[in-house]
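my_file.txt follows (compact mmCIF, C-alpha atoms and all ligand atoms):
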```txt
# COMPACT_ATOMS: atom_id res chain seq x y z
CA MET A 1121 12.12 36.18 4.13
CA SER A 1122 15.80 36.12 3.18
CA ASP A 1123 17.71 32.86 3.12
CA ALA A 1124 19.62 33.87 6.27
CA LYS A 1125 16.37 34.16 8.24
CA LYS A 1126 14.92 30.88 7.02
CA PRO A 1127 14.38 28.46 9.91
CA ALA A 1128 16.04 25.06 9.55
CA LEU A 1129 13.62 22.42 8.33
CA THR A 1130 13.21 19.46 10.70
CA PRO A 1131 13.95 16.07 9.09
CA LEU A 1132 10.83 13.92 8.81
CA ASP A 1133 12.11 11.18 11.13
CA ASP A 1134 12.84 13.76 13.85
CA ALA A 1135 9.42 15.36 13.40
CA LEU A 1136 7.75 11.97 13.66
CA ALA A 1137 9.76 11.12 16.77
CA THR A 1138 8.68 14.45 18.35
CA LEU A 1139 5.03 13.76 17.59
CA LEU A 1140 5.13 10.20 18.85
CA ALA A 1141 6.91 11.28 22.03
CA GLN A 1142 3.99 13.63 22.76
CA VAL A 1143 1.26 11.01 22.49
CA GLN A 1144 0.32 8.35 25.03
CA PRO A 1145 -2.25 5.66 24.22
CA LEU A 1146 -5.76 6.56 25.40
CA ALA A 1147 -6.61 4.92 28.70
CA ASP A 1148 -10.33 4.51 27.89
CA VAL A 1149 -11.51 1.37 26.19
CA GLU A 1150 -14.91 0.21 25.02
CA THR A 1151 -16.40 -3.16 24.22
CA LEU A 1152 -18.06 -3.42 20.83
CA PRO A 1153 -19.83 -6.13 18.87
CA THR A 1154 -17.23 -7.72 16.59
CA THR A 1155 -19.32 -6.55 13.62
CA ALA A 1156 -18.79 -2.90 14.69
CA ALA A 1157 -15.05 -3.03 15.38
CA ARG A 1158 -13.57 -2.64 11.90
CA GLY A 1159 -10.66 -0.20 11.80
CA ARG A 1160 -10.34 -0.06 15.59
CA VAL A 1161 -7.38 -1.14 17.69
CA LEU A 1162 -7.65 -4.11 20.06
CA SER A 1163 -6.69 -3.11 23.61
CA ALA A 1164 -6.17 -6.53 25.23
CA ASP A 1165 -4.87 -9.86 23.94
CA LEU A 1166 -7.66 -12.00 22.53
CA VAL A 1167 -7.25 -15.58 23.78
CA SER A 1168 -9.15 -18.35 22.07
CA PRO A 1169 -11.22 -20.53 24.43
CA VAL A 1170 -11.56 -23.15 21.68
CA ASP A 1171 -9.46 -25.21 19.32
CA VAL A 1172 -9.95 -24.28 15.68
CA PRO A 1173 -11.04 -26.46 14.08
CA PRO A 1174 -12.75 -27.84 17.19
CA ALA A 1175 -12.45 -31.44 15.91
CA ASP A 1176 -10.64 -33.38 13.18
CA ASN A 1177 -12.68 -32.86 10.03
CA SER A 1178 -12.70 -33.68 6.36
CA ALA A 1179 -11.23 -31.38 3.72
CA MET A 1180 -13.06 -33.24 0.94
CA ASP A 1181 -16.35 -34.82 -0.06
CA GLY A 1182 -15.58 -38.55 -0.12
CA TYR A 1183 -14.99 -41.43 2.28
CA ALA A 1184 -13.36 -41.64 5.71
CA LEU A 1185 -11.49 -44.87 6.41
CA ARG A 1186 -8.35 -46.42 7.85
CA ALA A 1187 -5.44 -46.12 5.43
CA ALA A 1188 -4.52 -49.72 6.30
CA ASP A 1189 -7.87 -50.88 4.82
CA VAL A 1190 -7.59 -49.27 1.36
CA GLU A 1191 -6.71 -52.44 -0.51
CA ARG A 1192 -10.14 -53.92 0.40
CA GLU A 1193 -13.66 -53.13 -0.73
CA LEU A 1194 -15.24 -51.50 2.31
CA PRO A 1195 -18.90 -51.40 3.34
CA VAL A 1196 -20.18 -47.85 3.83
CA THR A 1197 -21.66 -48.00 7.31
CA GLN A 1198 -22.58 -44.40 8.04
CA ARG A 1199 -23.18 -41.05 6.38
CA ILE A 1200 -21.65 -37.95 8.02
CA PRO A 1201 -22.83 -34.54 6.79
CA ALA A 1202 -21.15 -31.40 8.21
CA GLY A 1203 -22.60 -30.53 11.61
CA SER A 1204 -23.55 -34.10 12.59
CA LEU A 1205 -21.91 -36.34 15.20
CA PRO A 1206 -20.19 -39.44 13.76
CA GLN A 1207 -20.21 -42.97 15.22
CA PRO A 1208 -16.89 -44.75 15.76
CA LEU A 1209 -15.68 -46.53 12.63
CA ALA A 1210 -14.90 -50.24 12.95
CA VAL A 1211 -11.98 -51.95 11.23
CA GLY A 1212 -12.80 -52.68 7.60
CA GLU A 1213 -15.53 -50.02 7.30
CA ALA A 1214 -15.80 -46.74 5.45
CA ALA A 1215 -18.00 -43.70 6.15
CA ARG A 1216 -19.53 -41.44 3.53
CA ILE A 1217 -18.27 -37.99 4.56
CA PHE A 1218 -18.62 -34.39 3.37
CA THR A 1219 -16.29 -31.38 3.53
CA GLY A 1220 -16.26 -29.90 7.03
CA ALA A 1221 -17.82 -32.98 8.66
CA GLN A 1222 -16.19 -34.49 11.71
CA VAL A 1223 -13.94 -37.47 10.96
CA PRO A 1224 -15.24 -40.51 12.91
CA PRO A 1225 -13.10 -41.97 15.68
CA GLY A 1226 -11.14 -44.85 14.16
CA ALA A 1227 -10.69 -43.26 10.72
CA ASP A 1228 -7.33 -41.68 9.90
CA THR A 1229 -7.69 -40.77 6.24
CA VAL A 1230 -10.17 -39.27 3.77
CA VAL A 1231 -10.32 -40.27 0.12
CA MET A 1232 -12.00 -37.82 -2.26
CA GLN A 1233 -14.96 -39.34 -4.05
CA GLU A 1234 -13.33 -38.90 -7.47
CA HIS A 1235 -10.73 -41.48 -6.37
CA THR A 1236 -13.28 -44.16 -5.48
CA GLU A 1237 -15.84 -46.46 -7.05
CA LEU A 1238 -19.06 -47.33 -5.26
CA VAL A 1239 -20.58 -50.72 -6.02
CA GLU A 1240 -23.70 -51.82 -4.15
CA GLY A 1241 -22.95 -49.93 -0.96
CA ARG A 1242 -19.25 -50.88 -0.94
CA VAL A 1243 -16.48 -48.48 -1.78
CA ARG A 1244 -13.23 -49.29 -3.57
CA VAL A 1245 -10.29 -46.85 -3.58
CA THR A 1246 -8.77 -46.43 -7.06
CA GLN A 1247 -5.74 -44.24 -6.28
CA PRO A 1248 -2.85 -44.52 -3.84
CA VAL A 1249 -3.49 -42.78 -0.49
CA ARG A 1250 -1.28 -41.20 2.13
CA VAL A 1251 -2.16 -41.78 5.80
CA GLY A 1252 -3.84 -38.68 7.18
CA GLN A 1253 -4.63 -37.14 3.80
CA HIS A 1254 -7.52 -34.65 3.65
CA VAL A 1255 -7.95 -34.69 7.43
CA ARG A 1256 -7.80 -31.23 9.00
CA LEU A 1257 -6.61 -31.73 12.52
CA ARG A 1258 -8.25 -30.32 15.63
CA GLY A 1259 -6.43 -27.12 16.68
CA GLU A 1260 -4.24 -26.93 13.57
CA ASP A 1261 -5.37 -23.34 12.98
CA VAL A 1262 -5.75 -22.06 16.56
CA ARG A 1263 -5.00 -23.84 19.85
CA ALA A 1264 -7.33 -23.28 22.81
CA GLY A 1265 -5.61 -20.93 25.28
CA SER A 1266 -3.40 -19.26 22.68
CA VAL A 1267 -3.41 -15.57 21.80
CA VAL A 1268 -5.12 -15.24 18.41
CA LEU A 1269 -4.90 -11.45 18.22
CA PRO A 1270 -2.39 -9.56 20.36
CA ALA A 1271 -3.25 -6.22 21.97
CA GLY A 1272 -2.46 -3.45 19.50
CA THR A 1273 -3.88 -5.30 16.48
CA ARG A 1274 -5.63 -3.07 13.99
CA LEU A 1275 -8.90 -4.83 13.24
CA ASP A 1276 -9.11 -5.39 9.50
CA ALA A 1277 -11.27 -7.93 7.71
CA VAL A 1278 -8.90 -10.83 8.35
CA ALA A 1279 -8.43 -9.98 12.05
CA LEU A 1280 -12.21 -9.74 12.51
CA GLY A 1281 -12.66 -13.12 10.87
CA LEU A 1282 -10.01 -14.63 13.14
CA ALA A 1283 -11.68 -13.12 16.22
CA ALA A 1284 -14.97 -14.66 15.11
CA THR A 1285 -13.39 -18.05 14.43
CA ALA A 1286 -12.30 -18.04 18.09
CA GLY A 1287 -15.91 -17.31 19.03
CA ALA A 1288 -15.52 -13.65 20.03
CA ALA A 1289 -18.85 -11.83 19.70
CA GLU A 1290 -17.41 -8.67 21.28
CA LEU A 1291 -14.02 -7.01 21.24
CA THR A 1292 -12.41 -4.54 23.61
CA VAL A 1293 -10.87 -1.65 21.72
CA ALA A 1294 -9.47 1.81 22.43
CA ARG A 1295 -12.19 4.43 22.42
CA ARG A 1296 -12.45 6.57 19.32
CA PRO A 1297 -10.08 9.54 19.35
CA ARG A 1298 -12.11 12.74 19.07
CA VAL A 1299 -10.63 14.81 16.28
CA ALA A 1300 -11.80 18.34 15.51
CA LEU A 1301 -11.25 19.23 11.87
CA PHE A 1302 -11.40 22.59 10.16
CA SER A 1303 -10.26 24.01 6.85
CA THR A 1304 -9.03 27.57 6.52
CA GLY A 1305 -9.27 29.67 3.39
CA ASP A 1306 -11.50 32.52 2.22
CA GLU A 1307 -11.37 31.02 -1.27
CA LEU A 1308 -13.04 27.79 -0.18
CA VAL A 1309 -16.62 26.90 -0.99
CA MET A 1310 -18.40 23.65 -0.34
CA PRO A 1311 -19.24 21.22 -3.15
CA GLY A 1312 -22.88 21.72 -4.13
CA GLU A 1313 -22.57 25.51 -3.93
CA PRO A 1314 -21.94 27.76 -6.95
CA LEU A 1315 -18.26 28.56 -7.60
CA PRO A 1316 -17.76 32.35 -7.67
CA PRO A 1317 -14.68 33.87 -9.38
CA GLY A 1318 -11.57 33.37 -7.23
CA ALA A 1319 -13.05 30.45 -5.32
CA ILE A 1320 -12.21 26.73 -5.29
CA TYR A 1321 -14.04 23.79 -3.85
CA ASN A 1322 -12.94 22.55 -0.46
CA SER A 1323 -11.46 19.13 -1.12
CA ASN A 1324 -9.27 18.70 1.95
CA ARG A 1325 -12.29 18.50 4.21
CA PHE A 1326 -13.42 15.38 2.36
CA THR A 1327 -10.01 13.75 2.07
CA LEU A 1328 -9.17 14.36 5.71
CA ARG A 1329 -12.58 13.31 7.04
CA ALA A 1330 -12.35 10.05 5.15
CA LEU A 1331 -8.80 9.44 6.38
CA LEU A 1332 -9.78 10.17 9.98
CA GLU A 1333 -12.89 8.00 9.85
CA GLY A 1334 -10.84 5.20 8.29
CA LEU A 1335 -8.56 5.36 11.33
CA GLY A 1336 -11.48 4.94 13.71
CA CYS A 1337 -11.72 8.60 14.78
CA GLU A 1338 -14.87 10.48 15.72
CA VAL A 1339 -14.68 13.60 13.55
CA ILE A 1340 -15.96 16.89 14.93
CA ASP A 1341 -16.24 18.80 11.69
CA LEU A 1342 -16.00 22.54 12.29
CA GLY A 1343 -16.24 23.38 8.59
CA ILE A 1344 -14.45 26.33 7.02
CA VAL A 1345 -12.82 29.04 9.13
CA PRO A 1346 -12.14 32.46 7.54
CA ASP A 1347 -8.56 33.74 7.08
CA LYS A 1348 -8.76 36.01 10.16
CA LEU A 1349 -6.66 35.74 13.30
CA ASP A 1350 -9.62 36.19 15.68
CA ALA A 1351 -11.75 33.62 13.87
CA THR A 1352 -8.84 31.18 13.81
CA ARG A 1353 -8.21 31.67 17.53
CA ALA A 1354 -11.91 31.18 18.32
CA ALA A 1355 -12.00 28.01 16.20
CA LEU A 1356 -8.95 26.64 18.02
CA ARG A 1357 -10.56 27.31 21.42
CA GLU A 1358 -13.78 25.59 20.39
CA ALA A 1359 -11.85 22.67 18.90
CA ALA A 1360 -9.69 22.28 22.02
CA SER A 1361 -12.77 22.19 24.25
CA LYS A 1362 -14.24 19.28 22.28
CA ALA A 1363 -11.40 17.15 20.99
CA ASP A 1364 -8.28 15.14 21.80
CA VAL A 1365 -6.65 16.28 18.58
CA ILE A 1366 -7.19 19.30 16.33
CA VAL A 1367 -6.40 18.83 12.64
CA THR A 1368 -6.50 21.83 10.34
CA SER A 1369 -5.64 22.42 6.70
CA GLY A 1370 -4.22 25.55 5.13
CA GLY A 1371 -3.04 28.87 6.54
CA VAL A 1372 0.09 27.39 8.04
CA SER A 1373 2.71 28.90 5.72
CA VAL A 1374 4.37 32.32 5.87
CA GLY A 1375 1.95 34.75 4.17
CA GLU A 1376 0.05 37.44 6.12
CA GLU A 1377 -3.11 35.50 5.31
CA ASP A 1378 -1.72 32.42 7.09
CA HIS A 1379 -2.97 32.76 10.68
CA LEU A 1380 -2.57 29.35 12.22
CA LYS A 1381 0.91 29.74 13.64
CA PRO A 1382 0.22 33.01 15.48
CA ALA A 1383 -3.18 31.72 16.57
CA VAL A 1384 -1.67 28.56 18.08
CA GLN A 1385 1.07 30.59 19.74
CA ALA A 1386 -1.58 32.88 21.27
CA GLU A 1387 -3.88 30.06 22.43
CA GLY A 1388 -1.27 27.46 23.33
CA GLN A 1389 2.18 26.53 22.13
CA LEU A 1390 3.81 25.62 18.84
CA ASP A 1391 6.40 22.86 19.23
CA LEU A 1392 7.29 22.15 15.65
CA TRP A 1393 6.97 23.96 12.36
CA ALA A 1394 8.30 23.25 8.87
CA ILE A 1395 9.78 19.91 7.96
CA ALA A 1396 12.15 18.81 5.24
CA ILE A 1397 9.65 17.00 3.06
CA LYS A 1398 8.16 17.67 -0.35
CA PRO A 1399 5.29 18.10 -0.54
CA GLY A 1400 4.27 19.26 2.91
CA LYS A 1401 6.97 21.60 4.21
CA PRO A 1402 4.91 23.94 6.44
CA PHE A 1403 3.53 21.18 8.70
CA ALA A 1404 2.90 22.34 12.29
CA TYR A 1405 2.49 20.60 15.64
CA GLY A 1406 1.69 22.04 19.04
CA ARG A 1407 -0.83 22.13 21.86
CA VAL A 1408 -3.97 24.12 22.53
CA GLY A 1409 -5.16 23.49 26.06
CA ALA A 1410 -5.13 19.72 26.56
CA ALA A 1411 -5.54 19.05 22.84
CA HIS A 1412 -2.83 18.22 20.36
CA PHE A 1413 -2.71 20.63 17.44
CA ILE A 1414 -1.73 19.41 13.98
CA GLY A 1415 -1.65 21.96 11.16
CA LEU A 1416 -1.49 20.51 7.66
CA PRO A 1417 -0.52 22.57 4.63
CA GLY A 1418 -3.40 23.65 2.40
CA ASN A 1419 -2.23 22.19 -0.89
CA PRO A 1420 -4.31 19.02 -1.32
CA VAL A 1421 -1.40 16.65 -1.98
CA SER A 1422 0.64 18.25 0.83
CA SER A 1423 -2.15 17.70 3.33
CA LEU A 1424 -2.65 14.13 2.11
CA VAL A 1425 1.05 13.23 2.30
CA THR A 1426 1.67 14.84 5.68
CA PHE A 1427 -1.40 13.11 7.05
CA LEU A 1428 -0.19 9.74 5.83
CA VAL A 1429 3.41 10.03 7.04
CA LEU A 1430 2.85 11.92 10.31
CA VAL A 1431 -0.77 12.03 11.46
CA ARG A 1432 -1.58 8.41 10.68
CA PRO A 1433 1.14 6.95 12.95
CA PHE A 1434 0.24 9.55 15.60
CA LEU A 1435 -3.43 8.52 15.63
CA LEU A 1436 -2.51 4.84 15.60
CA LYS A 1437 -0.25 5.30 18.62
CA LEU A 1438 -3.03 7.23 20.37
CA GLN A 1439 -5.14 4.06 20.03
CA GLY A 1440 -2.33 1.77 21.17
CA ALA A 1441 -1.60 0.20 17.80
CA ALA A 1442 1.47 -2.04 17.70
CA ARG A 1443 2.51 -1.26 14.15
CA LEU A 1444 2.77 2.42 13.28
CA ALA A 1445 5.04 2.46 10.23
CA PRO A 1446 3.77 1.36 6.83
CA ARG A 1447 5.73 -1.32 4.99
CA GLY A 1448 7.89 -0.11 2.11
CA TYR A 1449 9.30 -2.22 -0.70
CA LEU A 1450 12.41 -1.84 -2.83
CA ILE A 1451 11.27 -1.67 -6.47
CA PRO A 1452 13.20 -0.63 -9.59
CA ALA A 1453 12.48 2.93 -10.71
CA GLY A 1454 11.09 3.15 -14.24
CA PHE A 1455 12.52 6.65 -14.73
CA ASP A 1456 15.59 8.82 -14.06
CA TRP A 1457 15.56 11.33 -11.20
CA PRO A 1458 18.68 13.42 -11.76
CA LYS A 1459 17.65 16.55 -9.84
CA PRO A 1460 16.36 15.51 -6.42
CA ASP A 1461 15.07 18.06 -3.93
CA LYS A 1462 16.99 18.96 -0.78
CA ARG A 1463 13.89 17.78 1.10
CA ARG A 1464 12.82 14.13 1.34
CA GLU A 1465 10.37 13.64 -1.49
CA PHE A 1466 7.18 11.62 -1.73
CA LEU A 1467 6.52 11.15 -5.42
CA ARG A 1468 3.24 9.88 -6.74
CA VAL A 1469 4.04 6.72 -8.71
CA ARG A 1470 2.28 3.78 -10.22
CA LEU A 1471 3.49 0.20 -10.06
CA ASP A 1472 4.04 -1.24 -13.51
CA GLU A 1473 4.91 -4.95 -13.46
CA ALA A 1474 7.14 -4.72 -16.53
CA SER A 1475 8.97 -1.44 -16.06
CA GLY A 1476 8.93 -0.79 -12.30
CA LEU A 1477 7.67 2.49 -10.88
CA ALA A 1478 6.19 5.04 -13.28
CA LEU A 1479 6.02 8.72 -12.36
CA PHE A 1480 2.93 10.91 -12.69
CA GLY A 1481 3.94 13.79 -14.95
CA ASN A 1482 2.73 16.69 -12.80
CA GLN A 1483 4.08 16.40 -9.25
CA SER A 1484 2.69 19.77 -8.14
CA SER A 1485 1.32 19.69 -4.60
CA GLY A 1486 -1.91 21.20 -5.93
CA VAL A 1487 -2.58 18.34 -8.36
CA LEU A 1488 -4.72 15.79 -6.56
CA THR A 1489 -5.13 13.77 -9.77
CA SER A 1490 -1.53 12.64 -9.22
CA ALA A 1491 -2.53 10.82 -6.04
CA PHE A 1492 -5.67 9.36 -7.60
CA TRP A 1493 -3.62 8.01 -10.52
CA ALA A 1494 -0.88 6.64 -8.28
CA ASP A 1495 -0.64 3.27 -6.52
CA GLY A 1496 1.51 4.77 -3.80
CA LEU A 1497 4.42 7.00 -2.90
CA LEU A 1498 8.08 6.75 -3.83
CA ASP A 1499 9.91 7.73 -0.66
CA ASN A 1500 13.14 9.36 -1.85
CA PRO A 1501 15.79 10.46 0.67
CA ALA A 1502 16.80 14.15 0.67
CA GLY A 1503 19.19 14.97 -2.16
CA HIS A 1504 19.20 11.44 -3.56
CA ALA A 1505 19.47 11.16 -7.35
CA PHE A 1506 18.64 7.85 -8.99
CA ALA A 1507 18.50 6.34 -12.45
CA LYS A 1508 16.04 4.07 -14.20
CA GLY A 1509 16.54 0.54 -12.88
CA ASP A 1510 17.82 1.61 -9.44
CA ALA A 1511 15.94 0.13 -6.49
CA VAL A 1512 13.90 2.78 -4.68
CA ARG A 1513 11.51 2.62 -1.72
CA PHE A 1514 7.86 2.28 -2.66
CA VAL A 1515 5.09 2.61 -0.08
CA PRO A 1516 1.80 1.38 -1.53
CA PHE A 1517 -1.41 3.27 -0.77
CA SER A 1518 -2.81 -0.11 0.32
CA GLU A 1519 -0.48 0.24 3.34
CA LEU A 1520 -1.28 3.90 3.95
CA LEU A 1521 -5.00 4.17 3.30
CA ALA A 1522 -5.93 1.06 5.28
N1 LIG B 1601 6.53 32.60 0.41
C1 LIG B 1601 6.25 31.31 0.57
N2 LIG B 1601 5.08 30.86 0.16
C2 LIG B 1601 4.77 29.55 0.31
C3 LIG B 1601 5.72 28.70 0.89
C4 LIG B 1601 6.94 29.22 1.34
O1 LIG B 1601 7.81 28.49 1.86
N3 LIG B 1601 7.17 30.54 1.18
N4 LIG B 1601 5.41 27.38 0.98
C5 LIG B 1601 4.50 26.87 -0.01
C6 LIG B 1601 4.16 25.51 0.32
S1 LIG B 1601 5.43 24.39 0.12
C7 LIG B 1601 2.92 25.14 0.68
S2 LIG B 1601 2.59 23.47 0.92
C8 LIG B 1601 1.84 26.09 0.86
C9 LIG B 1601 1.10 25.81 2.17
O2 LIG B 1601 0.28 26.83 2.38
P1 LIG B 1601 -0.73 26.97 3.57
O3 LIG B 1601 -0.71 25.80 4.45
O4 LIG B 1601 -0.56 28.29 4.15
O5 LIG B 1601 -2.10 26.85 2.81
P2 LIG B 1601 -2.90 27.99 2.06
O6 LIG B 1601 -2.00 29.10 1.72
O7 LIG B 1601 -4.09 28.28 2.86
O8 LIG B 1601 -3.30 27.18 0.78
C10 LIG B 1601 -2.35 26.66 -0.11
C11 LIG B 1601 -3.07 26.18 -1.37
O9 LIG B 1601 -3.94 25.14 -1.07
C12 LIG B 1601 -5.29 25.45 -1.41
N5 LIG B 1601 -6.18 24.94 -0.37
C13 LIG B 1601 -6.16 25.32 0.90
N6 LIG B 1601 -7.12 24.67 1.60
C14 LIG B 1601 -7.76 23.88 0.71
C15 LIG B 1601 -8.85 22.98 0.81
N7 LIG B 1601 -9.48 22.79 2.00
N8 LIG B 1601 -9.25 22.33 -0.29
C16 LIG B 1601 -8.63 22.55 -1.46
N9 LIG B 1601 -7.58 23.37 -1.62
C17 LIG B 1601 -7.16 24.04 -0.56
C18 LIG B 1601 -5.31 26.95 -1.45
O10 LIG B 1601 -6.34 27.45 -2.23
C19 LIG B 1601 -3.92 27.27 -1.98
O11 LIG B 1601 -3.89 27.15 -3.38
O12 LIG B 1601 2.33 27.40 0.88
C20 LIG B 1601 3.25 27.71 -0.17
N10 LIG B 1601 3.55 29.08 -0.11
O1 LIG B 1602 5.51 21.74 1.00
MO1 LIG B 1602 4.60 22.39 -0.39
O2 LIG B 1602 3.69 21.04 -0.05
O3 LIG B 1602 6.01 21.68 -1.37
O4 LIG B 1602 3.72 22.58 -1.91
MG MG B 1603 -0.80 30.10 2.72
```

Reformat the file's structure so that it appears as structure tokens.
Amino acid sequence: MSDAKKPALTPLDDALATLLAQVQPLADVETLPTTAARGRVLSADLVSPVDVPPADNSAMDGYALRAADVERELPVTQRIPAGSLPQPLAVGEAARIFTGAQVPPGADTVVMQEHTELVEGRVRVTQPVRVGQHVRLRGEDVRAGSVVLPAGTRLDAVALGLAATAGAAELTVARRPRVALFSTGDELVMPGEPLPPGAIYNSNRFTLRALLEGLGCEVIDLGIVPDKLDATRAALREAASKADVIVTSGGVSVGEEDHLKPAVQAEGQLDLWAIAIKPGKPFAYGRVGAAHFIGLPGNPVSSLVTFLVLVRPFLLKLQGAARLAPRGYLIPAGFDWPKPDKRREFLRVRLDEASGLALFGNQSSGVLTSAFWADGLLDNPAGHAFAKGDAVRFVPFSELLA
């Protein structure tokens, strides 16, 4: 193809806007045990019916007392382990108390046992105290009636813990998106099989499956589809009959062996093709029947990067997630980048505390080791040169692979 005939590449932000405009959150929800909801998106606000903590309680093993009484030697009149109900504390008394135990009515302060002396059942405080010290107040974490997790929360470990602290045994989440996945390429063989001359192992299937499962999707794995137009069309029809979204890898560029574009045009419509990013230029989006079609480039790093920057926010929006964009951070570059690409680049870099971002030597889109080595992606605007020490945008994999 001559330069004159080259289609304009769509900027990434425009491509993302097009994708997000095409997707509405799934209407169907399901209620799951909290233990089974990791990675899913909450579809209604979770309101706590209880205060957390439910009562004032001790942050230390020690003695509960009135701060006004600390100058005196106090008789220890009760023992309060966690989980037991205390008796009211009279003036001039102390209670033996343990971390997490309810502070007795009448006491306003806890003294840790290291700051006391116990002589014949009477306790003497040996250090100055502050009124209210070591008392964790009822409702200081969560107030009854407040929203602990808003609709659209992605349920990670901390969110699940917070749901449980509010007593939620079940959570209502968006149903799993059904995603049909297939890889194209006559050179592909599955791990575990012998590798004939000319062949390579299919890695994208594993990367993409893991990414999809991590985002709460039900993966309909259609395996490897041969580089033939008819086979590609048949695979698209099958995928569209089973899934909300079709994700493919490979066969989306310009060679005669790349059949996805014509197959999608024959079975549905192609809305977007080729974006101004490196790696990942020949990304495709369209529709086949009622299903969304997303064609990722075959090169393993290209399919990974395009998934992370385009498909991930798309699948999160499909589930009603509130936050679609990953957080990026300005970090000093540890290297010069004098010859930027005309496309927006996503460089595989590692975070080095002393020198800033370090670059993996081989940035080829076929080199998956670069992504394994890296801590994240340096998101460099199109045509932007920078020098060592300049602040650049770093998006950690911890943001993208979660
Ligand atoms: N004449 C041009 N050729 C290419 C262009 C171009 O603009 N003009 N773009 C290049 C870019 S950039 C990319 S990215 C690739 C994308 O190609 P396809 O999406 O058509 O993918 P394939 O040709 O099928 O494969 C590319 C590459 O990746 C390997 N591959 C494919 N699938 C897998 C898999 N499941 N696991 C592991 N590796 C896979 C495949 O063997 C090829 O080496 O096109 C350039 N060409
Ligand atoms: O877009 Mo390709 O991914 O540069 O190799
Ligand atoms: Mg190709």

CA of Leu1428 in chain A to CA of Leu1521 in chain A measures 7.8 Å

Distance filter 7 Å around ligand MG 1603 (chain B), atoms: all atoms listed in the file, out as an MDAnalysis selection string:
chainID A and resid 1370:1375 1377:1378 1418

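Nearest to Val1223 in chain A of all the residues A:Val1211, A:Ala1187, A:Leu1205, A:Val1267 is A:Leu1205, counting all atoms listed in the file.
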
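For Val1421 in chain A, the set of protein, DNA and RNA residues having any atom at most 10 Å away, when counting only C-alpha atoms and skipping those fewer than 6 positions along the same chain, is Asn1324, Thr1327, Lys1398, Pro1399, Gly1400, Phe1427, Phe1466, Arg1468, Gln1483, Ser1484, Ser1485, Gly1486, Val1487, Leu1488, Thr1489, Ser1490 and Ala1491 of chain A.
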
The distance between atom O8 of ligand LIG 1601 (chain B) and CA of Trp1393 in chain A is 15.8 Å

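Reported to one decimal place, the separation of CA of Val1255 in chain A from CA of Ser1178 in chain A is 5.0 Å.
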
Worksheet entry | Distance query Lys1462 in chain A at most 10 Å, all atoms listed in the file, self and fewer than 4 positions along chain excluded, as number ranges by chain | A: 1396-1398, 1501-1504

With distances taken over only C-alpha atoms and all ligand atoms, the candidate from A:Asp1350, A:Asp1306, A:Glu1333, A:Asp1495 nearest ligand LIG 1601 (chain B) is A:Asp1306

Q.
Every residue with an atom at most 12 Å from (13.7, 3.3, -3.0) (file coordinates; only C-alpha atoms) is what I'm after, so could you write them as a PyMOL selection string?
A. chain A and resi 1448-1454+1457+1464-1467+1469+1476-1477+1497-1502+1504-1515

Quiz prompt | Contact residues around Gly1318 in chain A with only C-alpha atoms at 12 Å, ignoring same-chain residues under 6 positions, as a VMD selection string | solution = chain A and resid 1305 to 1309

Edge lengths and centre in Å to one decimal, as JSON, of the axis-aligned box that encloses all listed atoms of ligand LIG 1601 (chain B) with 6 Å added on every side?
```
{"center_x": -0.8, "center_y": 27.5, "center_z": 0.5, "size_x": 29.3, "size_y": 22.3, "size_z": 19.8}
```

For ligand LIG 1601 (chain B), the closest of A:Ala1141, A:Met1180, A:Val1384, A:Val1425 counting only C-alpha atoms and all ligand atoms is A:Val1425

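The shortest atom-to-atom distance to Thr1304 in chain A, with all atoms listed in the file taken into account, belongs to A:His1379 out of A:Lys1362, A:His1379, A:Arg1329, A:Arg1463.
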
* To do: List the neighbours of Leu1162 in chain A out to 10 Å using only C-alpha atoms; skip same-chain residues closer than 2 positions along the sequence, and give me the result as a PyMOL selection string.
  => chain A and resi 1149-1151+1157+1159-1160+1164-1166+1269-1275+1279+1291-1295+1439-1442

Between A:Val1367, A:Pro1224, A:Gly1182, A:Ala1202, smallest distance to Leu1238 in chain A by only C-alpha atoms belongs to A:Gly1182

For ligand LIG 1602 (chain B), the closest of A:Ala1522, A:Val1245, A:Leu1424, A:Leu1140 counting all atoms listed in the file is A:Leu1424

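The neighbours of Val1429 in chain A here are the residues that come within 10 Å of it, using all atoms listed in the file and leaving out any residue fewer than 5 positions away in the same chain; they are A:Leu1132, A:Asp1133, A:Leu1136, A:Leu1424, A:Phe1434, A:Leu1444, A:Ala1445, A:Pro1446, A:Phe1466, A:Leu1520.
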
Keeping only C-alpha atoms, take the residues you just selected and write them out as a PDB file, in the frame of the given file.
```pdb
ATOM      1  CA  LEU A1132      10.830  13.920   8.810  1.00  0.00           C
ATOM      2  CA  ASP A1133      12.110  11.180  11.130  1.00  0.00           C
ATOM      3  CA  LEU A1136       7.750  11.970  13.660  1.00  0.00           C
ATOM      4  CA  LEU A1424      -2.650  14.130   2.110  1.00  0.00           C
ATOM      5  CA  PHE A1434       0.240   9.550  15.600  1.00  0.00           C
ATOM      6  CA  LEU A1444       2.770   2.420  13.280  1.00  0.00           C
ATOM      7  CA  ALA A1445       5.040   2.460  10.230  1.00  0.00           C
ATOM      8  CA  PRO A1446       3.770   1.360   6.830  1.00  0.00           C
ATOM      9  CA  PHE A1466       7.180  11.620  -1.730  1.00  0.00           C
ATOM     10  CA  LEU A1520      -1.280   3.900   3.950  1.00  0.00           C
TER      11      LEU A1520
END
```
